[in-house]
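Novice: Dropping in model.tsv, with TSV, C-alpha atoms.
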```
chain	number	residue	atom	x	y	z
A	30	MET	CA	20.51	-66.46	56.12
A	31	ASN	CA	22.45	-63.28	55.47
A	32	THR	CA	26.10	-63.07	56.33
A	33	PRO	CA	26.56	-60.04	58.60
A	34	VAL	CA	29.06	-57.46	57.39
A	35	ILE	CA	31.40	-55.55	59.68
A	36	GLU	CA	32.37	-52.24	58.10
A	37	PHE	CA	35.79	-51.38	59.52
A	38	PHE	CA	36.70	-47.71	59.13
A	39	TRP	CA	40.44	-47.44	59.58
A	40	ASP	CA	43.35	-45.01	59.30
A	41	PRO	CA	46.89	-46.36	59.74
A	42	ALA	CA	47.74	-43.27	61.82
A	43	SER	CA	45.77	-44.75	64.75
A	44	PRO	CA	47.51	-47.29	67.02
A	45	TYR	CA	44.27	-48.69	68.43
A	46	THR	CA	43.19	-49.32	64.86
A	47	TRP	CA	46.25	-51.51	64.32
A	48	LEU	CA	45.44	-53.43	67.50
A	49	ALA	CA	41.82	-53.95	66.42
A	50	ALA	CA	42.92	-54.94	62.93
A	51	THR	CA	44.96	-57.78	64.36
A	52	GLN	CA	41.79	-59.19	65.98
A	53	ILE	CA	39.01	-58.50	63.52
A	54	GLY	CA	39.71	-61.46	61.23
A	55	ALA	CA	39.38	-64.01	64.00
A	56	LEU	CA	36.31	-62.23	65.37
A	57	ALA	CA	34.67	-62.36	61.94
A	58	THR	CA	35.45	-66.06	61.66
A	59	ARG	CA	33.98	-66.76	65.10
A	60	THR	CA	30.78	-64.89	64.30
A	61	GLY	CA	30.38	-65.89	60.66
A	62	ALA	CA	30.71	-62.27	59.53
A	63	THR	CA	32.73	-60.70	56.73
A	64	VAL	CA	34.84	-57.56	57.01
A	65	SER	CA	34.46	-54.61	54.66
A	66	TRP	CA	37.66	-52.56	54.96
A	67	ARG	CA	36.94	-48.85	54.58
A	68	PRO	CA	39.89	-46.45	54.67
A	69	PHE	CA	38.95	-43.01	56.03
A	70	VAL	CA	40.76	-39.85	57.07
A	71	LEU	CA	40.78	-39.62	60.87
A	72	GLY	CA	42.00	-36.02	60.86
A	73	LYS	CA	38.94	-34.99	58.87
A	74	VAL	CA	36.71	-36.82	61.31
A	75	PHE	CA	38.28	-34.91	64.20
A	76	GLU	CA	37.81	-31.64	62.31
A	77	ALA	CA	34.18	-32.34	61.53
A	78	THR	CA	33.16	-33.43	65.02
A	79	GLY	CA	35.30	-31.21	67.25
A	80	ASN	CA	36.92	-34.31	68.69
A	81	ARG	CA	40.67	-34.36	69.24
A	82	ALA	CA	43.39	-36.99	69.55
A	83	PRO	CA	43.45	-38.48	73.08
A	84	ALA	CA	47.12	-37.63	73.52
A	85	THR	CA	46.33	-33.92	73.79
A	86	VAL	CA	45.95	-34.36	77.58
A	87	ALA	CA	49.44	-34.95	79.00
A	88	ALA	CA	48.49	-37.41	81.76
A	89	LYS	CA	46.36	-39.34	79.28
A	90	ALA	CA	49.13	-39.49	76.68
A	91	LYS	CA	51.51	-40.96	79.24
A	92	TYR	CA	48.97	-43.58	80.25
A	93	LEU	CA	47.90	-44.48	76.73
A	94	PHE	CA	51.47	-45.16	75.74
A	95	LYS	CA	51.56	-47.91	78.38
A	96	ASP	CA	48.02	-49.00	77.58
A	97	LEU	CA	48.96	-49.75	73.97
A	98	GLY	CA	51.72	-52.06	75.12
A	99	ARG	CA	49.35	-53.89	77.42
A	100	TRP	CA	46.84	-54.57	74.65
A	101	ALA	CA	49.63	-55.72	72.34
A	102	ALA	CA	50.81	-58.12	75.06
A	103	LEU	CA	47.26	-59.35	75.71
A	104	TYR	CA	46.82	-60.00	71.99
A	105	ASN	CA	50.35	-61.35	71.63
A	106	GLN	CA	50.90	-58.93	68.75
A	107	PRO	CA	53.88	-56.69	68.00
A	108	LEU	CA	53.63	-52.90	68.37
A	109	ASN	CA	56.65	-50.62	68.22
A	110	PHE	CA	55.77	-46.99	68.68
A	111	PRO	CA	57.09	-45.27	65.55
A	112	LYS	CA	59.55	-42.39	65.59
A	113	VAL	CA	57.35	-40.43	63.21
A	114	PHE	CA	54.08	-39.76	65.03
A	115	PRO	CA	51.60	-38.40	64.25
A	116	VAL	CA	51.99	-39.30	60.60
A	117	ASN	CA	50.42	-38.04	57.38
A	118	SER	CA	48.63	-41.12	56.11
A	119	MET	CA	46.87	-39.60	53.08
A	120	THR	CA	48.89	-41.42	50.39
A	121	ALA	CA	48.66	-44.71	52.28
A	122	LEU	CA	44.89	-44.30	52.55
A	123	ARG	CA	44.51	-43.54	48.85
A	124	MET	CA	46.63	-46.57	47.97
A	125	ALA	CA	44.38	-48.58	50.29
A	126	CYS	CA	41.36	-47.41	48.30
A	127	ALA	CA	43.08	-48.56	45.12
A	128	ALA	CA	43.83	-51.92	46.76
A	129	ASN	CA	40.16	-52.19	47.73
A	130	GLU	CA	39.18	-51.78	44.07
A	131	ALA	CA	41.51	-54.70	43.31
A	132	GLY	CA	39.86	-56.83	46.01
A	133	GLU	CA	42.91	-56.70	48.27
A	134	GLY	CA	41.71	-54.16	50.82
A	135	GLY	CA	42.06	-56.33	53.88
A	136	ARG	CA	45.50	-57.61	53.08
A	137	PHE	CA	46.68	-54.10	52.24
A	138	ALA	CA	45.25	-52.62	55.45
A	139	LEU	CA	47.08	-55.17	57.59
A	140	ALA	CA	50.30	-54.79	55.61
A	141	VAL	CA	50.43	-51.00	55.71
A	142	MET	CA	49.62	-50.89	59.43
A	143	ARG	CA	52.26	-53.53	60.10
A	144	ALA	CA	54.77	-51.46	58.11
A	145	TYR	CA	54.07	-48.44	60.29
A	146	TRP	CA	53.28	-49.96	63.72
A	147	VAL	CA	55.75	-52.84	63.67
A	148	ASP	CA	58.53	-52.03	61.19
A	149	GLY	CA	58.62	-48.29	61.76
A	150	VAL	CA	58.30	-47.37	58.07
A	151	ASP	CA	57.58	-43.66	57.60
A	152	ILE	CA	54.45	-44.16	55.53
A	153	SER	CA	54.15	-40.43	54.84
A	154	GLN	CA	57.09	-40.82	52.41
A	155	PRO	CA	55.96	-42.25	49.05
A	156	ASP	CA	59.27	-44.01	48.35
A	157	ALA	CA	59.33	-45.79	51.70
A	158	LEU	CA	55.64	-46.61	51.43
A	159	VAL	CA	55.88	-48.03	47.92
A	160	SER	CA	58.92	-50.11	48.87
A	161	ALA	CA	57.24	-51.52	51.94
A	162	MET	CA	54.08	-52.44	50.04
A	163	THR	CA	56.09	-54.01	47.25
A	164	ALA	CA	58.01	-56.04	49.82
A	165	ALA	CA	54.64	-57.15	51.23
A	166	GLY	CA	53.67	-58.59	47.85
A	167	PHE	CA	51.73	-55.74	46.23
A	168	ASP	CA	52.47	-53.83	43.06
A	169	GLY	CA	53.41	-50.78	45.08
A	170	ALA	CA	54.20	-48.59	42.08
A	171	ALA	CA	50.86	-49.36	40.43
A	172	LEU	CA	48.92	-48.64	43.62
A	173	PHE	CA	50.82	-45.37	44.02
A	174	GLU	CA	49.94	-44.35	40.47
A	175	ALA	CA	46.31	-45.27	41.11
A	176	SER	CA	46.33	-43.25	44.32
A	177	ARG	CA	46.84	-40.08	42.31
A	178	GLN	CA	43.65	-40.52	40.30
A	179	GLN	CA	40.76	-38.26	41.16
A	180	ALA	CA	38.34	-41.21	41.28
A	181	ILE	CA	40.38	-42.83	44.04
A	182	LYS	CA	40.67	-39.58	45.97
A	183	ASP	CA	36.92	-39.28	45.71
A	184	VAL	CA	36.39	-42.76	47.15
A	185	LEU	CA	38.44	-41.83	50.21
A	186	ARG	CA	36.55	-38.59	50.67
A	187	ALA	CA	33.21	-40.42	50.29
A	188	ASN	CA	34.23	-43.01	52.89
A	189	THR	CA	35.16	-40.25	55.32
A	190	ASP	CA	31.97	-38.30	54.72
A	191	ASP	CA	29.91	-41.47	55.10
A	192	ALA	CA	31.49	-42.27	58.46
A	193	ILE	CA	30.97	-38.74	59.76
A	194	LYS	CA	27.37	-38.67	58.56
A	195	ARG	CA	26.66	-41.94	60.36
A	196	GLY	CA	28.09	-40.69	63.65
A	197	ALA	CA	31.79	-41.55	63.69
A	198	PHE	CA	34.09	-39.32	65.75
A	199	GLY	CA	37.24	-41.44	66.09
A	200	ALA	CA	39.01	-44.63	65.01
A	201	PRO	CA	38.68	-47.49	64.69
A	202	THR	CA	34.96	-47.29	63.95
A	203	PHE	CA	32.87	-50.35	63.13
A	204	PHE	CA	29.35	-50.60	61.79
A	205	VAL	CA	27.04	-53.58	61.66
A	206	GLY	CA	24.19	-52.12	59.66
A	207	SER	CA	23.40	-48.84	61.39
A	208	THR	CA	24.86	-49.91	64.73
A	209	MET	CA	28.18	-48.21	65.43
A	210	PHE	CA	31.00	-49.34	67.69
A	211	TRP	CA	34.03	-47.21	68.43
A	212	GLY	CA	37.41	-48.43	69.60
A	213	ASN	CA	39.53	-51.52	69.94
A	214	ASP	CA	38.07	-51.83	73.45
A	215	ARG	CA	34.56	-52.28	72.01
A	216	LEU	CA	35.37	-55.44	70.05
A	217	VAL	CA	33.76	-57.31	72.95
A	218	LEU	CA	30.49	-55.44	72.34
A	219	LEU	CA	30.76	-55.85	68.58
A	220	GLU	CA	31.15	-59.59	69.02
A	221	ASP	CA	28.27	-59.68	71.49
A	222	ALA	CA	26.02	-57.95	68.94
A	223	LEU	CA	26.97	-60.52	66.27
A	224	ARG	CA	26.08	-63.52	68.39
A	225	PRO	CA	23.12	-65.39	66.92
A	226	ALA	CA	20.91	-64.80	69.97
A	227	ALA	CA	21.50	-61.05	69.73
A	228	GLN	CA	20.48	-60.95	66.08
A	229	GLY	CA	16.90	-61.91	66.92
B	169	MET	CA	52.16	-64.52	99.66
B	170	ASN	CA	50.74	-61.02	99.68
B	171	THR	CA	47.15	-60.42	98.71
B	172	PRO	CA	47.14	-57.89	95.87
B	173	VAL	CA	45.12	-54.75	96.50
B	174	ILE	CA	43.07	-53.00	93.83
B	175	GLU	CA	42.66	-49.32	94.69
B	176	PHE	CA	39.41	-48.23	93.07
B	177	PHE	CA	39.10	-44.46	92.70
B	178	TRP	CA	35.44	-43.69	92.15
B	179	ASP	CA	32.97	-40.83	91.87
B	180	PRO	CA	29.26	-41.64	91.64
B	181	ALA	CA	28.87	-38.95	88.98
B	182	SER	CA	30.53	-41.28	86.43
B	183	PRO	CA	28.37	-43.93	84.70
B	184	TYR	CA	31.33	-46.09	83.65
B	185	THR	CA	32.35	-46.14	87.31
B	186	TRP	CA	28.98	-47.65	88.21
B	187	LEU	CA	29.43	-50.28	85.51
B	188	ALA	CA	32.93	-51.14	86.72
B	189	ALA	CA	31.75	-51.22	90.34
B	190	THR	CA	29.24	-53.93	89.47
B	191	GLN	CA	32.12	-56.11	88.22
B	192	ILE	CA	35.02	-55.41	90.55
B	193	GLY	CA	33.90	-57.68	93.38
B	194	ALA	CA	33.77	-60.77	91.18
B	195	LEU	CA	37.06	-59.82	89.52
B	196	ALA	CA	38.71	-59.51	92.93
B	197	THR	CA	37.36	-62.90	93.95
B	198	ARG	CA	38.64	-64.50	90.74
B	199	THR	CA	42.12	-63.05	91.20
B	200	GLY	CA	42.40	-63.34	94.99
B	201	ALA	CA	42.67	-59.57	95.35
B	202	THR	CA	40.98	-57.15	97.74
B	203	VAL	CA	39.39	-53.84	96.79
B	204	SER	CA	40.27	-50.57	98.51
B	205	TRP	CA	37.44	-48.14	97.73
B	206	ARG	CA	38.75	-44.61	97.38
B	207	PRO	CA	36.23	-41.83	96.76
B	208	PHE	CA	37.68	-38.93	94.73
B	209	VAL	CA	36.38	-35.79	93.05
B	210	LEU	CA	36.33	-36.34	89.30
B	211	GLY	CA	35.70	-32.66	88.55
B	212	LYS	CA	38.93	-31.75	90.36
B	213	VAL	CA	40.80	-34.37	88.35
B	214	PHE	CA	39.51	-32.84	85.11
B	215	GLU	CA	40.52	-29.38	86.32
B	216	ALA	CA	44.02	-30.48	87.28
B	217	THR	CA	44.78	-32.41	84.09
B	218	GLY	CA	42.98	-30.38	81.44
B	219	ASN	CA	40.87	-33.40	80.63
B	220	ARG	CA	37.15	-32.99	80.03
B	221	ALA	CA	34.05	-35.13	80.22
B	222	PRO	CA	33.70	-37.28	77.07
B	223	ALA	CA	30.21	-35.96	76.41
B	224	THR	CA	31.58	-32.54	75.39
B	225	VAL	CA	31.82	-33.82	71.79
B	226	ALA	CA	28.25	-34.11	70.46
B	227	ALA	CA	28.75	-37.20	68.27
B	228	LYS	CA	30.60	-38.90	71.12
B	229	ALA	CA	27.86	-38.08	73.64
B	230	LYS	CA	25.23	-39.62	71.40
B	231	TYR	CA	27.32	-42.77	70.97
B	232	LEU	CA	28.28	-43.12	74.63
B	233	PHE	CA	24.66	-42.99	75.69
B	234	LYS	CA	24.10	-46.17	73.65
B	235	ASP	CA	27.42	-47.63	74.71
B	236	LEU	CA	26.44	-47.47	78.37
B	237	GLY	CA	23.32	-49.49	77.68
B	238	ARG	CA	25.34	-52.11	75.83
B	239	TRP	CA	27.75	-52.60	78.72
B	240	ALA	CA	24.85	-52.79	81.16
B	241	ALA	CA	23.26	-55.48	78.96
B	242	LEU	CA	26.55	-57.37	78.63
B	243	TYR	CA	26.95	-57.32	82.42
B	244	ASN	CA	23.25	-57.98	82.99
B	245	GLN	CA	23.13	-54.97	85.31
B	246	PRO	CA	20.58	-52.17	85.54
B	247	LEU	CA	21.42	-48.64	84.42
B	248	ASN	CA	18.81	-45.92	84.05
B	249	PHE	CA	20.24	-42.64	82.88
B	250	PRO	CA	19.26	-40.13	85.59
B	251	LYS	CA	17.28	-36.96	84.91
B	252	VAL	CA	19.80	-34.93	86.89
B	253	PHE	CA	23.12	-35.20	85.02
B	254	PRO	CA	25.81	-34.13	85.55
B	255	VAL	CA	25.33	-34.18	89.30
B	256	ASN	CA	27.14	-32.56	92.22
B	257	SER	CA	28.43	-35.58	94.13
B	258	MET	CA	30.45	-33.76	96.82
B	259	THR	CA	28.21	-34.66	99.77
B	260	ALA	CA	27.88	-38.26	98.59
B	261	LEU	CA	31.66	-38.52	98.32
B	262	ARG	CA	32.21	-37.10	101.78
B	263	MET	CA	29.65	-39.51	103.22
B	264	ALA	CA	31.52	-42.27	101.41
B	265	CYS	CA	34.71	-41.23	103.17
B	266	ALA	CA	32.88	-41.41	106.49
B	267	ALA	CA	31.57	-44.86	105.54
B	268	ASN	CA	35.14	-45.91	104.71
B	269	GLU	CA	36.22	-44.93	108.23
B	270	ALA	CA	33.48	-47.23	109.52
B	271	GLY	CA	34.72	-50.10	107.34
B	272	GLU	CA	31.69	-49.93	105.04
B	273	GLY	CA	33.25	-48.20	102.05
B	274	GLY	CA	32.52	-50.86	99.47
B	275	ARG	CA	28.94	-51.39	100.47
B	276	PHE	CA	28.34	-47.63	100.57
B	277	ALA	CA	29.92	-47.10	97.16
B	278	LEU	CA	27.69	-49.69	95.53
B	279	ALA	CA	24.59	-48.41	97.35
B	280	VAL	CA	25.07	-44.75	96.47
B	281	MET	CA	25.84	-45.53	92.82
B	282	ARG	CA	22.80	-47.78	92.65
B	283	ALA	CA	20.68	-44.99	94.15
B	284	TYR	CA	21.81	-42.62	91.41
B	285	TRP	CA	22.30	-44.91	88.37
B	286	VAL	CA	19.40	-47.29	88.96
B	287	ASP	CA	16.84	-45.56	91.18
B	288	GLY	CA	17.33	-42.03	89.88
B	289	VAL	CA	17.85	-40.47	93.30
B	290	ASP	CA	19.16	-36.90	93.03
B	291	ILE	CA	22.20	-37.48	95.22
B	292	SER	CA	23.10	-33.78	95.13
B	293	GLN	CA	20.18	-33.19	97.54
B	294	PRO	CA	21.13	-34.07	101.14
B	295	ASP	CA	17.59	-35.09	102.13
B	296	ALA	CA	17.19	-37.49	99.22
B	297	LEU	CA	20.70	-38.82	99.70
B	298	VAL	CA	20.30	-39.43	103.42
B	299	SER	CA	16.94	-41.14	102.86
B	300	ALA	CA	18.33	-43.40	100.16
B	301	MET	CA	21.33	-44.41	102.26
B	302	THR	CA	19.14	-45.04	105.28
B	303	ALA	CA	16.87	-47.21	103.14
B	304	ALA	CA	20.01	-49.11	102.04
B	305	GLY	CA	20.77	-49.98	105.67
B	306	PHE	CA	23.18	-47.22	106.71
B	307	ASP	CA	22.80	-44.61	109.42
B	308	GLY	CA	22.32	-41.90	106.80
B	309	ALA	CA	21.96	-39.06	109.28
B	310	ALA	CA	25.16	-40.01	111.11
B	311	LEU	CA	27.13	-40.27	107.86
B	312	PHE	CA	25.78	-36.88	106.78
B	313	GLU	CA	26.86	-35.33	110.07
B	314	ALA	CA	30.29	-36.92	109.68
B	315	SER	CA	30.54	-35.61	106.13
B	316	ARG	CA	30.56	-32.05	107.46
B	317	GLN	CA	33.69	-32.57	109.55
B	318	GLN	CA	36.90	-31.02	108.30
B	319	ALA	CA	38.80	-34.28	108.83
B	320	ILE	CA	36.47	-36.09	106.42
B	321	LYS	CA	36.68	-33.30	103.87
B	322	ASP	CA	40.45	-33.55	104.13
B	323	VAL	CA	40.39	-37.29	103.42
B	324	LEU	CA	38.46	-36.69	100.21
B	325	ARG	CA	40.85	-33.95	99.14
B	326	ALA	CA	43.85	-36.17	99.93
B	327	ASN	CA	42.40	-39.05	97.89
B	328	THR	CA	41.87	-36.73	94.94
B	329	ASP	CA	45.34	-35.22	95.20
B	330	ASP	CA	46.87	-38.70	95.50
B	331	ALA	CA	45.13	-39.90	92.35
B	332	ILE	CA	46.19	-36.83	90.36
B	333	LYS	CA	49.77	-37.11	91.59
B	334	ARG	CA	49.90	-40.74	90.50
B	335	GLY	CA	48.65	-39.98	87.00
B	336	ALA	CA	44.85	-40.21	87.07
B	337	PHE	CA	42.91	-38.10	84.57
B	338	GLY	CA	39.45	-39.73	84.60
B	339	ALA	CA	37.21	-42.30	86.27
B	340	PRO	CA	37.09	-45.06	87.17
B	341	THR	CA	40.81	-45.31	87.92
B	342	PHE	CA	42.40	-48.43	89.38
B	343	PHE	CA	45.85	-48.95	90.81
B	344	VAL	CA	47.66	-52.18	91.58
B	345	GLY	CA	50.74	-50.82	93.27
B	346	SER	CA	52.02	-48.13	90.95
B	347	THR	CA	50.34	-49.61	87.86
B	348	MET	CA	47.32	-47.58	86.77
B	349	PHE	CA	44.32	-48.68	84.74
B	350	TRP	CA	41.65	-46.30	83.52
B	351	GLY	CA	38.12	-47.16	82.57
B	352	ASN	CA	35.52	-49.89	82.83
B	353	ASP	CA	36.87	-51.11	79.48
B	354	ARG	CA	40.28	-51.83	81.04
B	355	LEU	CA	39.00	-54.36	83.59
B	356	VAL	CA	40.25	-57.01	81.14
B	357	LEU	CA	43.79	-55.59	81.43
B	358	LEU	CA	43.51	-55.19	85.20
B	359	GLU	CA	42.52	-58.82	85.51
B	360	ASP	CA	45.29	-59.88	83.16
B	361	ALA	CA	47.84	-58.05	85.34
B	362	LEU	CA	46.55	-59.82	88.46
B	363	ARG	CA	46.91	-63.30	87.02
B	364	PRO	CA	49.55	-65.29	88.91
B	365	ALA	CA	51.80	-65.70	85.86
B	366	ALA	CA	51.83	-61.95	85.33
B	367	GLN	CA	52.87	-61.25	88.92
B	368	GLY	CA	56.12	-63.22	88.55
```
So, in terms of structure tokens, how does the structure I just supplied come out?
Specialist:
Amino acid sequence: MNTPVIEFFWDPASPYTWLAATQIGALATRTGATVSWRPFVLGKVFEATGNRAPATVAAKAKYLFKDLGRWAALYNQPLNFPKVFPVNSMTALRMACAANEAGEGGRFALAVMRAYWVDGVDISQPDALVSAMTAAGFDGAALFEASRQQAIKDVLRANTDDAIKRGAFGAPTFFVGSTMFWGNDRLVLLEDALRPAAQG
Amino acid sequence: MNTPVIEFFWDPASPYTWLAATQIGALATRTGATVSWRPFVLGKVFEATGNRAPATVAAKAKYLFKDLGRWAALYNQPLNFPKVFPVNSMTALRMACAANEAGEGGRFALAVMRAYWVDGVDISQPDALVSAMTAAGFDGAALFEASRQQAIKDVLRANTDDAIKRGAFGAPTFFVGSTMFWGNDRLVLLEDALRPAAQG
């Protein structure tokens, strides 16, 4: 029997991605799946698809701010809306690609999103980012050096292109094979699709 | 102890509203709440807030079409995407306001959404609409006559204005007191808010 793989396309700039990231490990355990953490550039996805951040409608922005707090409470997870938002997450994403190469993609994803969405670290600033990742147990300086290599930049671009090509238009985006799910609020459907009966 | 009231702002033009409508009765029973069915004009809400239908982004439209089928399957409810979409739901909404006056708002809401989202009735056409509602056990002709009265038109406009004023930007929209929830996918948060411990 094959172990199903959940590809998790994530960008730390997205609050719903942090919320989903707090749940995906337990979901994978419940369903016998593994998670493949794939950093991608949400801004490029918006550009390519003509989509836009939800907060561009004023009434929606006001609501979503409350909505985030409700999900955090439901999940019993911390979420402190950062002072710097939106944030340039390019360096963080490239470091995440380097962490992936080292087999630490999942732990890095959770740590960098926690730094931004819980501890309020301005992850657009290399010094703050490297410090936070070092404090979280990574070799922050080495990952930062790696993030400047063209090969790592190319991995991030390839991840982003792959997601767009397969239909992504926002974050978080999950794939199980060719089946796509978008949003923290679709974890229920993702889990439903991974139930043995649904796998035929 | 007061019975909590769920105000359900609905427009039959919205597929996620149909999905939510299939669930709200059981949710109300589980939480000891009652449902106040409030027809409103989604197009006017979009106009007022600068929001737009989700299907205006091509990649999103393609995804949402599948997403609707997944929710229908999860709920074990029928949903057949109608040939006529989007649809002008003004007459249906006015008839719904007339049905509300007669104390049959909930039954009418479910029947008219079923006519459109299951049976494919073109509810923008008065003849088809009246026939479908008559077949569902209403006095379709009487509701249609009532729908042409200024007082009924005013009720619909007031509902729409009320929703916009209170922060609505899409459908379905629910209120419990001043607390707003948007979307079929937020029924989990609505139910969480109605749990006794949360009402403290």
Novice: Which distance in Å separates CA of Phe198 (chain A) and CA of Phe37 (chain A), to one decimal?
Specialist: 13.7 Å
Novice: Select residues of chain B: the criterion is any atom within 9 Å of an atom of chain A, counting only C-alpha atoms; output as a VMD selection string.
Specialist: chain B and resid 217 to 219 224 to 228 230 to 231 235 238 to 239 242 332 335 to 338 348 to 350 353 to 354 357 360
Novice: Can you tell me which residues surround region 272-275 of chain B at a distance of at most 12 Å, considering all atoms listed in the file, apart from same-chain residues fewer than 6 positions away, and format the answer as a list of chain:residue names?
Specialist: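 After dropping sequence-adjacent residues, the list is B:Glu175, B:Phe176, B:Phe177, B:Trp178, B:Ala189, B:Thr190, B:Ile192, B:Gly193, B:Thr202, B:Val203, B:Ser204, B:Trp205, B:Arg206, B:Pro207, B:Ala260, B:Leu261, B:Arg262, B:Met263, B:Ala264, B:Cys265, B:Ala266, B:Met281, B:Arg282, B:Met301, B:Ala304, B:Gly305, B:Phe306, B:Asp307, B:Leu311.
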Novice: Report as a PDB file with C-alpha atoms, in the coordinates of the input all protein, DNA and RNA residues lying within 10 Å of Pro155 (chain A), evaluated on only C-alpha atoms, omitting residues in the same chain fewer than 4 positions from it.
Specialist:
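Contents of the output file part_27.pdb:
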```pdb
ATOM      1  CA  THR A 120      48.890 -41.420  50.390  1.00  0.00           C
ATOM      2  CA  ALA A 121      48.660 -44.710  52.280  1.00  0.00           C
ATOM      3  CA  ASP A 151      57.580 -43.660  57.600  1.00  0.00           C
ATOM      4  CA  VAL A 159      55.880 -48.030  47.920  1.00  0.00           C
ATOM      5  CA  SER A 160      58.920 -50.110  48.870  1.00  0.00           C
ATOM      6  CA  ALA A 161      57.240 -51.520  51.940  1.00  0.00           C
ATOM      7  CA  GLY A 169      53.410 -50.780  45.080  1.00  0.00           C
ATOM      8  CA  ALA A 170      54.200 -48.590  42.080  1.00  0.00           C
ATOM      9  CA  PHE A 173      50.820 -45.370  44.020  1.00  0.00           C
TER      10      PHE A 173
END
```
Novice: Using only C-alpha atoms, which of A:Pro225, A:Asn117, A:Ala157, A:Leu216 sits nearest Leu56 (chain A)?
Specialist: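 The closest residue to Leu56 (chain A) is A:Leu216.
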Novice: To one decimal place in Å, what is the distance between CA of Pro254 (chain B) and CA of Phe208 (chain B)?
Specialist: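 Spanning CA of Pro254 (chain B) to CA of Phe208 (chain B) is a straight-line distance of 15.8 Å.
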Novice: How far is it from CA of Ile181 (chain A) to CA of Glu130 (chain A), in Å with one decimal?
Specialist: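 One can read the CA of Ile181 (chain A) to CA of Glu130 (chain A) distance as 9.0 Å.
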Novice: Which residue, A:Ile35, A:Leu97, A:Ala49, A:Val74, has the smallest gap to Ala138 (chain A) when you use all atoms listed in the file?
Specialist: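 For Ala138 (chain A), the nearest of the given residues is A:Ala49.
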Novice: Quick one: what's the axis-aligned box for region 192-198 of chain A, all listed atoms, 3 Å on every side, centre and edges in Å to one decimal, as JSON?
Specialist:
```
{"center_x": 30.4, "center_y": -40.5, "center_z": 62.1, "size_x": 13.4, "size_y": 9.6, "size_z": 13.3}
```
Novice: Any chance you could model N, CA and C atoms for region 306-320 of chain B and send them as a tab-separated table (two decimals), keeping the file's coordinate frame?
Specialist:
```
chain	number	residue	atom	x	y	z
B	306	PHE	N	22.17	-48.01	105.99
B	306	PHE	CA	23.18	-47.22	106.71
B	306	PHE	C	22.50	-46.26	107.68
B	307	ASP	N	23.29	-45.70	108.59
B	307	ASP	CA	22.80	-44.61	109.42
B	307	ASP	C	23.06	-43.32	108.64
B	308	GLY	N	22.14	-43.02	107.73
B	308	GLY	CA	22.32	-41.90	106.80
B	308	GLY	C	22.58	-40.59	107.51
B	309	ALA	N	21.82	-40.34	108.57
B	309	ALA	CA	21.96	-39.06	109.28
B	309	ALA	C	23.35	-38.95	109.91
B	310	ALA	N	23.83	-40.03	110.47
B	310	ALA	CA	25.16	-40.01	111.11
B	310	ALA	C	26.25	-39.80	110.06
B	311	LEU	N	26.12	-40.45	108.92
B	311	LEU	CA	27.13	-40.27	107.86
B	311	LEU	C	27.09	-38.84	107.33
B	312	PHE	N	25.89	-38.27	107.24
B	312	PHE	CA	25.78	-36.88	106.78
B	312	PHE	C	26.45	-35.94	107.77
B	313	GLU	N	26.20	-36.16	109.06
B	313	GLU	CA	26.86	-35.33	110.07
B	313	GLU	C	28.38	-35.44	109.94
B	314	ALA	N	28.84	-36.68	109.80
B	314	ALA	CA	30.29	-36.92	109.68
B	314	ALA	C	30.86	-36.24	108.44
B	315	SER	N	30.06	-36.18	107.40
B	315	SER	CA	30.54	-35.61	106.13
B	315	SER	C	30.86	-34.13	106.24
B	316	ARG	N	30.35	-33.48	107.28
B	316	ARG	CA	30.56	-32.05	107.46
B	316	ARG	C	31.82	-31.74	108.27
B	317	GLN	N	32.46	-32.78	108.76
B	317	GLN	CA	33.69	-32.57	109.55
B	317	GLN	C	34.88	-32.29	108.64
B	318	GLN	N	35.73	-31.40	109.10
B	318	GLN	CA	36.90	-31.02	108.30
B	318	GLN	C	37.80	-32.24	108.02
B	319	ALA	N	37.92	-33.11	109.00
B	319	ALA	CA	38.80	-34.28	108.83
B	319	ALA	C	38.33	-35.16	107.67
B	320	ILE	N	37.03	-35.28	107.52
B	320	ILE	CA	36.47	-36.09	106.42
B	320	ILE	C	36.68	-35.38	105.09
```
